[in-house]
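Presented below is the structure to which this report refers.
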Amino acid sequence: MAKRISPFYVLIDYKRTCMRALLARLFLHPIPSPFTMNNSRNSSSVFVPQGSSERGPSKPRGRPPGSKNKPKESKRETMGMKPVTLEVPAGVDIITWVTNFANSNQVCVTVTAGFGHVSLAVLSNVLSQAPVRQYKEYLTVNNFSGTYVLSPLTQATPSFFNAALSRMNGELIGGAASRMVTMGRVVLSAYVFRNPHVFTVGVAEFH
């Protein structure tokens, strides 16, 4: 009579056989490490976990070869007309003060308006042979305008100033001003600029 084998022992023996096969497979074909993994035989890509010190090719630093600095433009060359307000103190000649302001700041000045009071004014009429008139009294400046062109262009473009004044009796006087001494503060509205263009027009061009 054949010996009967219990199913329990058959199951244990099957599990042992499966375990042996699994261990043999692991030793013959090891599982790749999670930190280095080759996708193919010819591939050289490497998986690098976060926090690794390995980096790709660094970008070139610095300026590309052959490049140069852009030339910096001078403020004097790029300066356009700039509006300003000038306050002339009391007891000074307005024309001399504006001239000194232009020379010290290396700018040309165009005065568009001026208001205040003066104690002395020297006026002339450039279109007539009338003598120069000097007024030494209390005068109200209704308007003051003119242009001062910085040297060396002053020889080609003479500077000039015009004034319109009121006397105490209400008489209005005016003309080309060569001297005006302030009695109080005089406020001027003006524009400053640099490097003006001077155009010379011949007489034949008017015909």
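If you're wondering about the labels, chains in the structure tokens are A, B, ... by order shown, residues count from 1 in each chain, ligands from 1 in order shown.
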Selection: 10 Å around range 182-191 of chain A, only C-alpha atoms, excl. self and same-chain fewer than 2 positions, as a compact mmCIF listing (two decimals) with all heavy atoms, in the first residue's frame:
```txt
# COMPACT_ATOMS: atom_id res chain seq x y z
N GLY A 80 18.84 118.99 -24.13
CA GLY A 80 17.94 119.82 -24.91
C GLY A 80 17.57 121.07 -24.13
O GLY A 80 18.21 121.42 -23.13
N MET A 81 16.54 121.75 -24.58
CA MET A 81 16.09 122.95 -23.87
C MET A 81 15.38 122.55 -22.59
O MET A 81 14.50 121.70 -22.59
CB MET A 81 15.17 123.77 -24.78
CG MET A 81 15.84 124.30 -26.02
SD MET A 81 14.86 125.53 -26.91
CE MET A 81 14.92 126.90 -25.75
N LYS A 82 15.79 123.17 -21.49
CA LYS A 82 15.26 122.85 -20.17
C LYS A 82 14.67 124.11 -19.55
O LYS A 82 15.38 125.11 -19.41
CB LYS A 82 16.35 122.27 -19.28
CG LYS A 82 15.88 121.92 -17.88
CD LYS A 82 17.03 121.36 -17.08
CE LYS A 82 16.58 121.01 -15.67
NZ LYS A 82 17.72 120.48 -14.86
N PRO A 83 13.39 124.11 -19.17
CA PRO A 83 12.82 125.31 -18.55
C PRO A 83 13.30 125.48 -17.12
O PRO A 83 13.40 124.52 -16.36
CB PRO A 83 11.30 125.02 -18.61
CG PRO A 83 11.20 123.53 -18.62
CD PRO A 83 12.40 123.03 -19.36
N VAL A 84 13.61 126.71 -16.77
CA VAL A 84 14.08 127.04 -15.42
C VAL A 84 13.44 128.35 -14.98
O VAL A 84 12.94 129.14 -15.79
CB VAL A 84 15.62 127.16 -15.36
CG1 VAL A 84 16.29 125.83 -15.66
CG2 VAL A 84 16.11 128.24 -16.33
N THR A 85 13.45 128.56 -13.68
CA THR A 85 13.01 129.82 -13.09
C THR A 85 14.20 130.42 -12.34
O THR A 85 14.77 129.78 -11.46
CB THR A 85 11.84 129.61 -12.13
OG1 THR A 85 10.73 129.06 -12.84
CG2 THR A 85 11.41 130.93 -11.50
N LEU A 86 14.57 131.63 -12.70
CA LEU A 86 15.72 132.30 -12.12
C LEU A 86 15.25 133.43 -11.21
O LEU A 86 14.39 134.23 -11.60
CB LEU A 86 16.64 132.85 -13.21
CG LEU A 86 17.10 131.85 -14.29
CD1 LEU A 86 17.94 132.55 -15.34
CD2 LEU A 86 17.87 130.70 -13.65
N GLU A 87 15.80 133.51 -10.01
CA GLU A 87 15.49 134.57 -9.06
C GLU A 87 16.72 135.46 -8.91
O GLU A 87 17.74 135.05 -8.36
CB GLU A 87 15.07 133.99 -7.72
CG GLU A 87 13.77 133.20 -7.77
CD GLU A 87 13.33 132.73 -6.39
OE1 GLU A 87 14.08 132.97 -5.42
OE2 GLU A 87 12.24 132.13 -6.29
N VAL A 88 16.61 136.69 -9.41
CA VAL A 88 17.72 137.64 -9.36
C VAL A 88 17.60 138.42 -8.05
O VAL A 88 16.55 139.03 -7.78
CB VAL A 88 17.69 138.58 -10.57
CG1 VAL A 88 18.93 139.48 -10.57
CG2 VAL A 88 17.61 137.78 -11.87
N PRO A 89 18.64 138.44 -7.21
CA PRO A 89 18.55 139.15 -5.93
C PRO A 89 18.54 140.67 -6.13
O PRO A 89 18.78 141.18 -7.22
CB PRO A 89 19.80 138.69 -5.18
CG PRO A 89 20.77 138.31 -6.27
CD PRO A 89 19.93 137.76 -7.39
N ALA A 90 18.28 141.37 -5.06
CA ALA A 90 18.20 142.84 -5.11
C ALA A 90 19.60 143.45 -5.17
O ALA A 90 20.56 142.91 -4.63
CB ALA A 90 17.46 143.36 -3.89
N GLY A 91 19.67 144.61 -5.87
CA GLY A 91 20.91 145.37 -5.90
C GLY A 91 21.92 144.90 -6.93
O GLY A 91 23.09 145.30 -6.85
N VAL A 92 21.53 144.09 -7.92
CA VAL A 92 22.47 143.63 -8.93
C VAL A 92 21.93 143.95 -10.31
O VAL A 92 20.72 144.17 -10.50
CB VAL A 92 22.72 142.11 -8.80
CG1 VAL A 92 23.32 141.75 -7.45
CG2 VAL A 92 21.43 141.32 -9.03
N ASP A 93 22.83 143.96 -11.28
CA ASP A 93 22.44 144.18 -12.67
C ASP A 93 21.90 142.86 -13.24
O ASP A 93 22.59 141.83 -13.19
CB ASP A 93 23.64 144.69 -13.47
CG ASP A 93 23.30 144.89 -14.94
OD1 ASP A 93 22.11 145.07 -15.26
OD2 ASP A 93 24.23 144.82 -15.77
N ILE A 94 20.68 142.89 -13.77
CA ILE A 94 20.05 141.67 -14.26
C ILE A 94 20.86 141.06 -15.40
O ILE A 94 21.10 139.85 -15.43
CB ILE A 94 18.61 141.95 -14.72
CG1 ILE A 94 17.77 142.47 -13.55
CG2 ILE A 94 17.99 140.71 -15.32
CD1 ILE A 94 16.35 142.83 -13.95
N VAL A 98 22.60 137.36 -15.34
CA VAL A 98 22.26 136.29 -16.28
C VAL A 98 23.51 135.82 -17.03
O VAL A 98 23.71 134.61 -17.25
CB VAL A 98 21.17 136.76 -17.26
CG1 VAL A 98 20.96 135.74 -18.36
CG2 VAL A 98 19.86 137.01 -16.52
N VAL A 107 26.09 127.12 -20.10
CA VAL A 107 24.84 126.96 -20.85
C VAL A 107 24.51 128.27 -21.56
O VAL A 107 25.02 129.34 -21.21
CB VAL A 107 23.66 126.58 -19.92
CG1 VAL A 107 23.86 125.19 -19.33
CG2 VAL A 107 23.45 127.61 -18.82
N CYS A 108 23.66 128.16 -22.56
CA CYS A 108 23.05 129.33 -23.19
C CYS A 108 21.71 129.57 -22.52
O CYS A 108 21.04 128.63 -22.08
CB CYS A 108 22.88 129.12 -24.68
SG CYS A 108 24.42 128.74 -25.55
N VAL A 109 21.29 130.82 -22.44
CA VAL A 109 20.08 131.19 -21.72
C VAL A 109 19.17 132.01 -22.63
O VAL A 109 19.63 132.96 -23.28
CB VAL A 109 20.38 131.99 -20.44
CG1 VAL A 109 19.10 132.35 -19.70
CG2 VAL A 109 21.30 131.20 -19.52
N THR A 110 17.89 131.63 -22.67
CA THR A 110 16.87 132.41 -23.35
C THR A 110 15.81 132.79 -22.32
O THR A 110 15.12 131.91 -21.80
CB THR A 110 16.23 131.63 -24.50
OG1 THR A 110 17.22 131.41 -25.51
CG2 THR A 110 15.08 132.41 -25.12
N VAL A 111 15.70 134.07 -22.03
CA VAL A 111 14.72 134.57 -21.07
C VAL A 111 13.44 134.91 -21.84
O VAL A 111 13.47 135.67 -22.81
CB VAL A 111 15.25 135.80 -20.31
CG1 VAL A 111 14.20 136.30 -19.31
CG2 VAL A 111 16.55 135.46 -19.60
N THR A 112 12.33 134.35 -21.40
CA THR A 112 11.05 134.59 -22.08
C THR A 112 10.19 135.63 -21.36
O THR A 112 9.35 136.27 -22.00
CB THR A 112 10.26 133.28 -22.20
OG1 THR A 112 10.07 132.72 -20.88
CG2 THR A 112 11.03 132.27 -23.05
N ALA A 113 10.37 135.79 -20.06
CA ALA A 113 9.56 136.75 -19.31
C ALA A 113 10.27 137.09 -18.01
O ALA A 113 11.07 136.30 -17.49
CB ALA A 113 8.16 136.20 -19.02
N GLY A 114 9.97 138.27 -17.49
CA GLY A 114 10.55 138.70 -16.22
C GLY A 114 9.67 139.74 -15.56
O GLY A 114 9.07 140.60 -16.24
N PHE A 115 9.58 139.67 -14.22
CA PHE A 115 8.71 140.58 -13.48
C PHE A 115 9.41 140.98 -12.19
O PHE A 115 10.14 140.20 -11.59
CB PHE A 115 7.37 139.90 -13.16
CG PHE A 115 6.67 139.34 -14.38
CD1 PHE A 115 6.82 138.02 -14.74
CD2 PHE A 115 5.88 140.16 -15.19
CE1 PHE A 115 6.19 137.50 -15.85
CE2 PHE A 115 5.26 139.66 -16.31
CZ PHE A 115 5.41 138.32 -16.65
N GLY A 116 9.17 142.23 -11.77
CA GLY A 116 9.76 142.75 -10.54
C GLY A 116 9.90 144.26 -10.61
O GLY A 116 9.16 144.94 -11.36
N HIS A 117 10.86 144.80 -9.86
CA HIS A 117 11.10 146.24 -9.81
C HIS A 117 12.59 146.51 -9.91
O HIS A 117 13.41 145.75 -9.37
CB HIS A 117 10.54 146.84 -8.51
CG HIS A 117 9.07 146.59 -8.32
ND1 HIS A 117 8.10 147.33 -8.97
CD2 HIS A 117 8.42 145.67 -7.56
CE1 HIS A 117 6.90 146.89 -8.62
NE2 HIS A 117 7.07 145.88 -7.76
N VAL A 118 12.92 147.62 -10.60
CA VAL A 118 14.32 148.03 -10.75
C VAL A 118 14.42 149.51 -10.37
O VAL A 118 13.44 150.27 -10.42
CB VAL A 118 14.83 147.80 -12.19
CG1 VAL A 118 14.83 146.32 -12.52
CG2 VAL A 118 13.99 148.58 -13.19
N SER A 119 15.65 149.89 -10.00
CA SER A 119 15.90 151.29 -9.64
C SER A 119 16.70 152.03 -10.70
O SER A 119 16.82 153.26 -10.65
CB SER A 119 16.67 151.35 -8.31
OG SER A 119 17.90 150.65 -8.42
N LEU A 120 17.25 151.28 -11.67
CA LEU A 120 18.03 151.91 -12.73
C LEU A 120 17.86 151.08 -13.99
O LEU A 120 17.92 149.85 -13.97
CB LEU A 120 19.52 151.97 -12.36
CG LEU A 120 20.47 152.49 -13.44
CD1 LEU A 120 20.19 153.96 -13.75
CD2 LEU A 120 21.93 152.30 -13.01
N ALA A 121 17.64 151.79 -15.12
CA ALA A 121 17.51 151.12 -16.41
C ALA A 121 18.16 151.98 -17.48
O ALA A 121 17.95 153.20 -17.54
CB ALA A 121 16.04 150.89 -16.76
N GLU A 137 15.11 155.72 -11.33
CA GLU A 137 13.90 155.94 -10.54
C GLU A 137 13.24 154.59 -10.28
O GLU A 137 13.75 153.54 -10.69
CB GLU A 137 12.95 156.86 -11.30
CG GLU A 137 12.60 156.32 -12.69
CD GLU A 137 11.75 157.28 -13.49
OE1 GLU A 137 10.52 157.23 -13.32
OE2 GLU A 137 12.33 158.05 -14.30
N TYR A 138 12.11 154.62 -9.60
CA TYR A 138 11.37 153.40 -9.32
C TYR A 138 10.64 152.97 -10.60
O TYR A 138 9.80 153.71 -11.13
CB TYR A 138 10.37 153.65 -8.20
CG TYR A 138 9.55 152.41 -7.82
CD1 TYR A 138 10.04 151.49 -6.91
CD2 TYR A 138 8.29 152.20 -8.39
CE1 TYR A 138 9.30 150.38 -6.56
CE2 TYR A 138 7.54 151.09 -8.05
CZ TYR A 138 8.05 150.17 -7.13
OH TYR A 138 7.31 149.08 -6.79
N LEU A 139 10.98 151.77 -11.10
CA LEU A 139 10.40 151.28 -12.34
C LEU A 139 9.87 149.85 -12.11
O LEU A 139 10.50 149.04 -11.43
CB LEU A 139 11.45 151.25 -13.46
CG LEU A 139 12.07 152.60 -13.84
CD1 LEU A 139 13.27 152.39 -14.75
CD2 LEU A 139 11.04 153.49 -14.53
N THR A 140 8.72 149.61 -12.70
CA THR A 140 8.12 148.27 -12.64
C THR A 140 8.43 147.53 -13.94
O THR A 140 8.19 148.05 -15.02
CB THR A 140 6.60 148.35 -12.44
OG1 THR A 140 6.33 149.05 -11.21
CG2 THR A 140 5.98 146.96 -12.37
N VAL A 141 8.94 146.33 -13.79
CA VAL A 141 9.27 145.52 -14.96
C VAL A 141 8.00 144.79 -15.42
O VAL A 141 7.50 143.89 -14.75
CB VAL A 141 10.38 144.49 -14.63
CG1 VAL A 141 10.71 143.66 -15.87
CG2 VAL A 141 11.62 145.19 -14.11
N ASN A 143 7.88 143.36 -18.54
CA ASN A 143 8.39 142.18 -19.24
C ASN A 143 9.88 142.36 -19.48
O ASN A 143 10.37 143.48 -19.65
CB ASN A 143 7.66 141.94 -20.56
CG ASN A 143 7.98 140.57 -21.14
OD1 ASN A 143 8.28 139.63 -20.41
ND2 ASN A 143 7.94 140.46 -22.45
N PHE A 144 10.58 141.24 -19.48
CA PHE A 144 12.02 141.23 -19.75
C PHE A 144 12.33 139.95 -20.51
O PHE A 144 11.95 138.85 -20.08
CB PHE A 144 12.82 141.28 -18.44
CG PHE A 144 14.31 141.26 -18.66
CD1 PHE A 144 14.98 142.42 -19.01
CD2 PHE A 144 15.03 140.09 -18.51
CE1 PHE A 144 16.36 142.41 -19.20
CE2 PHE A 144 16.40 140.07 -18.71
CZ PHE A 144 17.06 141.23 -19.06
N SER A 145 12.98 140.07 -21.65
CA SER A 145 13.27 138.91 -22.48
C SER A 145 14.59 139.12 -23.20
O SER A 145 15.08 140.25 -23.34
CB SER A 145 12.14 138.66 -23.50
OG SER A 145 12.01 139.79 -24.36
N GLY A 146 15.13 138.02 -23.69
CA GLY A 146 16.39 138.11 -24.41
C GLY A 146 17.10 136.77 -24.44
O GLY A 146 16.64 135.78 -23.89
N THR A 147 18.27 136.76 -25.07
CA THR A 147 19.05 135.54 -25.24
C THR A 147 20.52 135.85 -25.03
O THR A 147 21.03 136.86 -25.51
CB THR A 147 18.84 134.94 -26.64
OG1 THR A 147 17.47 134.61 -26.81
CG2 THR A 147 19.68 133.69 -26.85
N ARG A 179 21.56 147.73 -19.23
CA ARG A 179 21.79 147.64 -17.79
C ARG A 179 20.48 147.85 -17.06
O ARG A 179 19.71 148.75 -17.39
CB ARG A 179 22.81 148.69 -17.32
CG ARG A 179 23.25 148.49 -15.86
CD ARG A 179 24.22 149.57 -15.43
NE ARG A 179 24.64 149.36 -14.05
CZ ARG A 179 25.29 150.26 -13.31
NH1 ARG A 179 25.60 151.45 -13.85
NH2 ARG A 179 25.64 149.99 -12.07
N MET A 180 20.22 147.00 -16.05
CA MET A 180 19.02 147.11 -15.23
C MET A 180 19.36 146.63 -13.83
O MET A 180 19.66 145.45 -13.62
CB MET A 180 17.86 146.27 -15.81
CG MET A 180 17.31 146.79 -17.13
SD MET A 180 15.99 145.75 -17.80
CE MET A 180 14.79 145.81 -16.47
N PHE A 193 20.11 125.76 -22.57
CA PHE A 193 20.44 124.74 -23.57
C PHE A 193 21.92 124.84 -23.88
O PHE A 193 22.60 125.80 -23.48
CB PHE A 193 19.60 124.93 -24.84
CG PHE A 193 19.71 126.29 -25.46
CD1 PHE A 193 20.61 126.54 -26.49
CD2 PHE A 193 18.92 127.35 -25.00
CE1 PHE A 193 20.72 127.80 -27.06
CE2 PHE A 193 19.02 128.61 -25.57
CZ PHE A 193 19.93 128.84 -26.59
```
Requested in this report: Enter the distance from CA of Gly174 in chain A to CA of Asn100 in chain A, in Å, rounded to one decimal.
Outcome: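 Value for the CA of Gly174 in chain A-CA of Asn100 in chain A distance: 23.8 Å.
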Query raised in the report: Any idea what the distance is between CA of Asn169 in chain A and CA of Val122 in chain A?
Result: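 According to the coordinates, CA of Asn169 in chain A and CA of Val122 in chain A are separated by 18.5 Å.
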Selection near Gly175 in chain A, 12 Å with only C-alpha atoms, sequence-local residues under 2 positions removed, as a PDB file with N, CA and C atoms, in the first residue's frame:
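Okay, result_26.pdb is ready:
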```
ATOM      1  N   ALA A 121      17.643 151.790 -15.123  1.00  0.00           N
ATOM      2  CA  ALA A 121      17.507 151.117 -16.411  1.00  0.00           C
ATOM      3  C   ALA A 121      18.163 151.979 -17.479  1.00  0.00           C
ATOM      4  N   VAL A 122      18.983 151.338 -18.311  1.00  0.00           N
ATOM      5  CA  VAL A 122      19.626 152.003 -19.427  1.00  0.00           C
ATOM      6  C   VAL A 122      19.079 151.350 -20.696  1.00  0.00           C
ATOM      7  N   LEU A 123      18.323 152.165 -21.492  1.00  0.00           N
ATOM      8  CA  LEU A 123      17.629 151.647 -22.666  1.00  0.00           C
ATOM      9  C   LEU A 123      18.101 152.378 -23.913  1.00  0.00           C
ATOM     10  N   SER A 124      17.962 151.706 -25.042  1.00  0.00           N
ATOM     11  CA  SER A 124      18.314 152.307 -26.325  1.00  0.00           C
ATOM     12  C   SER A 124      17.385 151.749 -27.388  1.00  0.00           C
ATOM     13  N   ASN A 125      17.293 152.481 -28.509  1.00  0.00           N
ATOM     14  CA  ASN A 125      16.496 152.063 -29.644  1.00  0.00           C
ATOM     15  C   ASN A 125      17.445 151.739 -30.785  1.00  0.00           C
ATOM     16  N   VAL A 126      17.563 150.473 -31.098  1.00  0.00           N
ATOM     17  CA  VAL A 126      18.546 150.052 -32.099  1.00  0.00           C
ATOM     18  C   VAL A 126      18.134 150.448 -33.508  1.00  0.00           C
ATOM     19  N   LEU A 127      16.868 150.824 -33.726  1.00  0.00           N
ATOM     20  CA  LEU A 127      16.391 151.165 -35.055  1.00  0.00           C
ATOM     21  C   LEU A 127      16.457 152.661 -35.342  1.00  0.00           C
ATOM     22  N   SER A 128      16.895 153.453 -34.409  1.00  0.00           N
ATOM     23  CA  SER A 128      16.964 154.906 -34.603  1.00  0.00           C
ATOM     24  C   SER A 128      18.311 155.417 -34.114  1.00  0.00           C
ATOM     25  N   ALA A 130      18.542 157.727 -31.904  1.00  0.00           N
ATOM     26  CA  ALA A 130      18.282 158.399 -30.640  1.00  0.00           C
ATOM     27  C   ALA A 130      19.347 158.015 -29.618  1.00  0.00           C
ATOM     28  N   PRO A 131      19.728 158.948 -28.766  1.00  0.00           N
ATOM     29  CA  PRO A 131      20.755 158.649 -27.760  1.00  0.00           C
ATOM     30  C   PRO A 131      20.240 157.642 -26.728  1.00  0.00           C
ATOM     31  N   VAL A 132      21.174 157.048 -26.011  1.00  0.00           N
ATOM     32  CA  VAL A 132      20.837 156.084 -24.967  1.00  0.00           C
ATOM     33  C   VAL A 132      20.156 156.817 -23.823  1.00  0.00           C
ATOM     34  N   ARG A 133      19.071 156.258 -23.335  1.00  0.00           N
ATOM     35  CA  ARG A 133      18.300 156.869 -22.243  1.00  0.00           C
ATOM     36  C   ARG A 133      18.563 156.128 -20.949  1.00  0.00           C
ATOM     37  N   GLN A 134      18.760 156.885 -19.896  1.00  0.00           N
ATOM     38  CA  GLN A 134      18.999 156.304 -18.576  1.00  0.00           C
ATOM     39  C   GLN A 134      17.898 156.771 -17.625  1.00  0.00           C
ATOM     40  N   ASN A 143       7.884 143.358 -18.536  1.00  0.00           N
ATOM     41  CA  ASN A 143       8.392 142.179 -19.236  1.00  0.00           C
ATOM     42  C   ASN A 143       9.880 142.357 -19.478  1.00  0.00           C
ATOM     43  N   PHE A 144      10.583 141.238 -19.478  1.00  0.00           N
ATOM     44  CA  PHE A 144      12.020 141.228 -19.752  1.00  0.00           C
ATOM     45  C   PHE A 144      12.327 139.946 -20.514  1.00  0.00           C
ATOM     46  N   SER A 145      12.980 140.073 -21.650  1.00  0.00           N
ATOM     47  CA  SER A 145      13.270 138.913 -22.481  1.00  0.00           C
ATOM     48  C   SER A 145      14.592 139.117 -23.202  1.00  0.00           C
ATOM     49  N   GLY A 146      15.131 138.021 -23.685  1.00  0.00           N
ATOM     50  CA  GLY A 146      16.390 138.112 -24.414  1.00  0.00           C
ATOM     51  C   GLY A 146      17.103 136.774 -24.443  1.00  0.00           C
ATOM     52  N   PHE A 160      21.313 139.721 -26.708  1.00  0.00           N
ATOM     53  CA  PHE A 160      20.494 140.933 -26.608  1.00  0.00           C
ATOM     54  C   PHE A 160      19.405 140.700 -25.569  1.00  0.00           C
ATOM     55  N   PHE A 161      18.943 141.814 -24.972  1.00  0.00           N
ATOM     56  CA  PHE A 161      17.853 141.776 -24.003  1.00  0.00           C
ATOM     57  C   PHE A 161      16.950 142.981 -24.237  1.00  0.00           C
ATOM     58  N   ASN A 162      15.655 142.756 -24.141  1.00  0.00           N
ATOM     59  CA  ASN A 162      14.659 143.808 -24.285  1.00  0.00           C
ATOM     60  C   ASN A 162      13.861 143.930 -22.998  1.00  0.00           C
ATOM     61  N   ALA A 163      13.416 145.150 -22.710  1.00  0.00           N
ATOM     62  CA  ALA A 163      12.663 145.391 -21.483  1.00  0.00           C
ATOM     63  C   ALA A 163      11.498 146.319 -21.761  1.00  0.00           C
ATOM     64  N   ALA A 164      10.389 146.073 -21.070  1.00  0.00           N
ATOM     65  CA  ALA A 164       9.217 146.956 -21.089  1.00  0.00           C
ATOM     66  C   ALA A 164       8.938 147.344 -19.649  1.00  0.00           C
ATOM     67  N   LEU A 165       8.987 148.657 -19.354  1.00  0.00           N
ATOM     68  CA  LEU A 165       8.905 149.148 -17.983  1.00  0.00           C
ATOM     69  C   LEU A 165       7.777 150.163 -17.838  1.00  0.00           C
ATOM     70  N   LEU A 172       4.750 154.322 -20.157  1.00  0.00           N
ATOM     71  CA  LEU A 172       5.380 153.066 -20.551  1.00  0.00           C
ATOM     72  C   LEU A 172       6.616 153.356 -21.373  1.00  0.00           C
ATOM     73  N   ILE A 173       7.714 152.746 -21.012  1.00  0.00           N
ATOM     74  CA  ILE A 173       8.970 152.915 -21.734  1.00  0.00           C
ATOM     75  C   ILE A 173       9.528 151.517 -22.038  1.00  0.00           C
ATOM     76  N   ALA A 177      17.801 146.761 -23.578  1.00  0.00           N
ATOM     77  CA  ALA A 177      18.365 147.049 -22.256  1.00  0.00           C
ATOM     78  C   ALA A 177      19.829 146.652 -22.218  1.00  0.00           C
ATOM     79  N   SER A 178      20.665 147.586 -21.772  1.00  0.00           N
ATOM     80  CA  SER A 178      22.084 147.294 -21.582  1.00  0.00           C
ATOM     81  C   SER A 178      22.447 147.213 -20.105  1.00  0.00           C
ATOM     82  N   ARG A 179      21.564 147.728 -19.226  1.00  0.00           N
ATOM     83  CA  ARG A 179      21.791 147.641 -17.786  1.00  0.00           C
ATOM     84  C   ARG A 179      20.476 147.849 -17.056  1.00  0.00           C
ATOM     85  N   MET A 180      20.221 146.996 -16.052  1.00  0.00           N
ATOM     86  CA  MET A 180      19.017 147.105 -15.231  1.00  0.00           C
ATOM     87  C   MET A 180      19.355 146.628 -13.827  1.00  0.00           C
TER      88      MET A 180
END
```
Query - Residue nearest Trp97 in chain A among A:Val181, A:Ala176, A:Gly170, A:Asn142 (counting only C-alpha atoms) - result: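 Once distances to Trp97 in chain A are computed over only C-alpha atoms, the minimum belongs to A:Val181.
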**Report entry** Between CA of Ala102 in chain A and CA of Ser166 in chain A, distance in Å (one decimal)
**Finding:**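 So the answer is 27.8 Å.
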